[in-house]
Amino acid sequence: MTMAPRTAYRQPQAGGQGFARTKKVFGGPTITLVAGDVALNAQTAIARVPKGFILQSIGGSVGDLDTGAALMVALGDAGNNARFFAANAIGQAGGAMPALVAGSVGYEFPDDTDILLTSTVAAAGLGPTPTINLLLEGYMK
């Protein structure tokens with residue numbers, strides 16, 4: 001059972017949508033996670049994208065979220081919690097965002113959408129630098 005997500009991003013997120021094919025970047029600034037965010041099946045809304053946004057790439061960084069070596073996270077949305085990547089150990093020691101899964105590039109968001117970080121395997125404890133900075137690059141349809 002998946003828990004309701006904790007909204008961690010600050011408003012406003014989407015802002016003006018601009019003209020078609022104008023490059024847009026959503027996400028940021030750096031978010032500090034709390035212990036509940038790395039519990040089993042916990043979801044944290046870390047960014048929001050508007051309807052019609054077409055994803056080209058993700059970037060950013062993840063800090064050390066786990067005191068042990070168990071934490072696995074997925075990145076997606078309410079429709080598919082692993083739309084961008086699944087079962088990744090990036091939060092165990094931190095680093096750059098992993099590559100997107102096949103089919104993610106070019107994905108068009110059908111509605112205003114929260115981007116969710118989901119803990120698929122719980123952390124032993126909250127790590128010393130529990131931060132995430134996610135940047136989603138793309139354009140508006």
# chains A, B, ... in the order shown; residues from 1 in each chain; ligands from 1
>>> residues_around(residues="Leu33 (chain A)", least_positions_apart="6", cutoff="9 Å", atoms="only C-alpha atoms", output="compact mmCIF listing (two decimals) with N, CA and C atoms, in the first residue's frame")
# COMPACT_ATOMS: atom_id res chain seq x y z
N ALA A 8 6.89 18.47 -0.76
CA ALA A 8 8.10 19.10 -0.27
C ALA A 8 8.52 20.31 -1.10
N THR A 44 7.19 11.40 -1.76
CA THR A 44 7.42 12.82 -1.54
C THR A 44 7.32 13.54 -2.87
N LEU A 65 21.05 9.69 1.58
CA LEU A 65 19.75 9.61 2.24
C LEU A 65 19.65 8.50 3.27
N LEU A 126 17.82 7.90 8.42
CA LEU A 126 18.05 9.07 7.58
C LEU A 126 19.54 9.39 7.55
N THR A 129 23.21 13.71 4.77
CA THR A 129 22.89 14.79 3.84
C THR A 129 21.64 14.42 3.03
N PRO A 130 20.47 14.42 3.66
CA PRO A 130 19.25 13.94 3.01
C PRO A 130 18.63 14.99 2.08
N THR A 131 19.32 15.27 0.98
CA THR A 131 18.85 16.30 0.07
C THR A 131 18.64 15.76 -1.34
N ILE A 132 17.77 16.43 -2.08
CA ILE A 132 17.57 16.11 -3.50
C ILE A 132 17.32 17.41 -4.24
>>> residues_around(residues="region 100-114 of chain A", least_positions_apart="6", cutoff="10 Å", atoms="only C-alpha atoms", output="NGL selection string")
:A and (5 or 7 or 9 or 14 or 44-59 or 75-79 or 82-86 or 138-141)
>>> write_last_selection(atoms="C-alpha atoms", output="PDB file, in the first residue's frame")
ATOM      1  CA  PRO A   5       2.765  11.846  -0.707  1.00  0.00           C
ATOM      2  CA  THR A   7       4.561  17.802  -0.659  1.00  0.00           C
ATOM      3  CA  TYR A   9       8.386  21.570  -3.144  1.00  0.00           C
ATOM      4  CA  ALA A  14       5.040  25.946 -12.964  1.00  0.00           C
ATOM      5  CA  THR A  44       7.421  12.819  -1.539  1.00  0.00           C
ATOM      6  CA  ALA A  45       6.278  15.325  -4.160  1.00  0.00           C
ATOM      7  CA  ILE A  46       9.544  17.024  -5.136  1.00  0.00           C
ATOM      8  CA  ALA A  47       8.412  19.059  -8.167  1.00  0.00           C
ATOM      9  CA  ARG A  48       5.339  19.880 -10.228  1.00  0.00           C
ATOM     10  CA  VAL A  49       5.052  20.148 -14.012  1.00  0.00           C
ATOM     11  CA  PRO A  50       2.166  21.647 -15.999  1.00  0.00           C
ATOM     12  CA  LYS A  51      -0.175  19.992 -18.477  1.00  0.00           C
ATOM     13  CA  GLY A  52       1.417  19.810 -21.908  1.00  0.00           C
ATOM     14  CA  PHE A  53       5.029  19.728 -20.661  1.00  0.00           C
ATOM     15  CA  ILE A  54       7.140  17.342 -22.782  1.00  0.00           C
ATOM     16  CA  LEU A  55      10.151  15.874 -20.959  1.00  0.00           C
ATOM     17  CA  GLN A  56      13.544  15.828 -22.670  1.00  0.00           C
ATOM     18  CA  SER A  57      15.905  15.096 -19.760  1.00  0.00           C
ATOM     19  CA  ILE A  58      16.385  15.140 -16.002  1.00  0.00           C
ATOM     20  CA  GLY A  59      19.333  16.336 -14.027  1.00  0.00           C
ATOM     21  CA  LEU A  75      10.971   8.494  -9.509  1.00  0.00           C
ATOM     22  CA  GLY A  76       7.659   8.937 -11.247  1.00  0.00           C
ATOM     23  CA  ASP A  77       4.167  10.261 -10.743  1.00  0.00           C
ATOM     24  CA  ALA A  78       0.778   9.078  -9.472  1.00  0.00           C
ATOM     25  CA  GLY A  79       0.127   7.184 -12.724  1.00  0.00           C
ATOM     26  CA  ALA A  82       8.683   4.392 -11.735  1.00  0.00           C
ATOM     27  CA  ARG A  83       8.018   6.403 -14.908  1.00  0.00           C
ATOM     28  CA  PHE A  84      11.549   7.909 -14.897  1.00  0.00           C
ATOM     29  CA  PHE A  85      13.601   5.364 -12.956  1.00  0.00           C
ATOM     30  CA  ALA A  86      12.875   2.444 -10.633  1.00  0.00           C
ATOM     31  CA  GLY A 138      11.718  20.006 -21.731  1.00  0.00           C
ATOM     32  CA  TYR A 139       9.282  22.235 -23.565  1.00  0.00           C
ATOM     33  CA  MET A 140       5.602  23.076 -23.708  1.00  0.00           C
ATOM     34  CA  LYS A 141       3.445  21.563 -26.413  1.00  0.00           C
TER      35      LYS A 141
END
>>> select_by_dssp(residues="chain A", states="helix (DSSP H, G or I)", output="PyMOL selection string")
chain A and resi 35-38+90-93
>>> select_by_dssp(residues="region 30-125 of chain A", states="strand (DSSP E or B)", output="PyMOL selection string")
chain A and resi 31-32+43-49+53-62+66+72-76+85-88+95-96+108+113-121
>>> closest_residue(among="A:Val34, A:Ala124, A:Leu40, A:Leu117", to="Ala70 (chain A)", atoms="only C-alpha atoms")
A:Ala124
>>> atom_distance(atom1="CA of Ala123 (chain A)", atom2="CA of Ala74 (chain A)")
13.3 Å
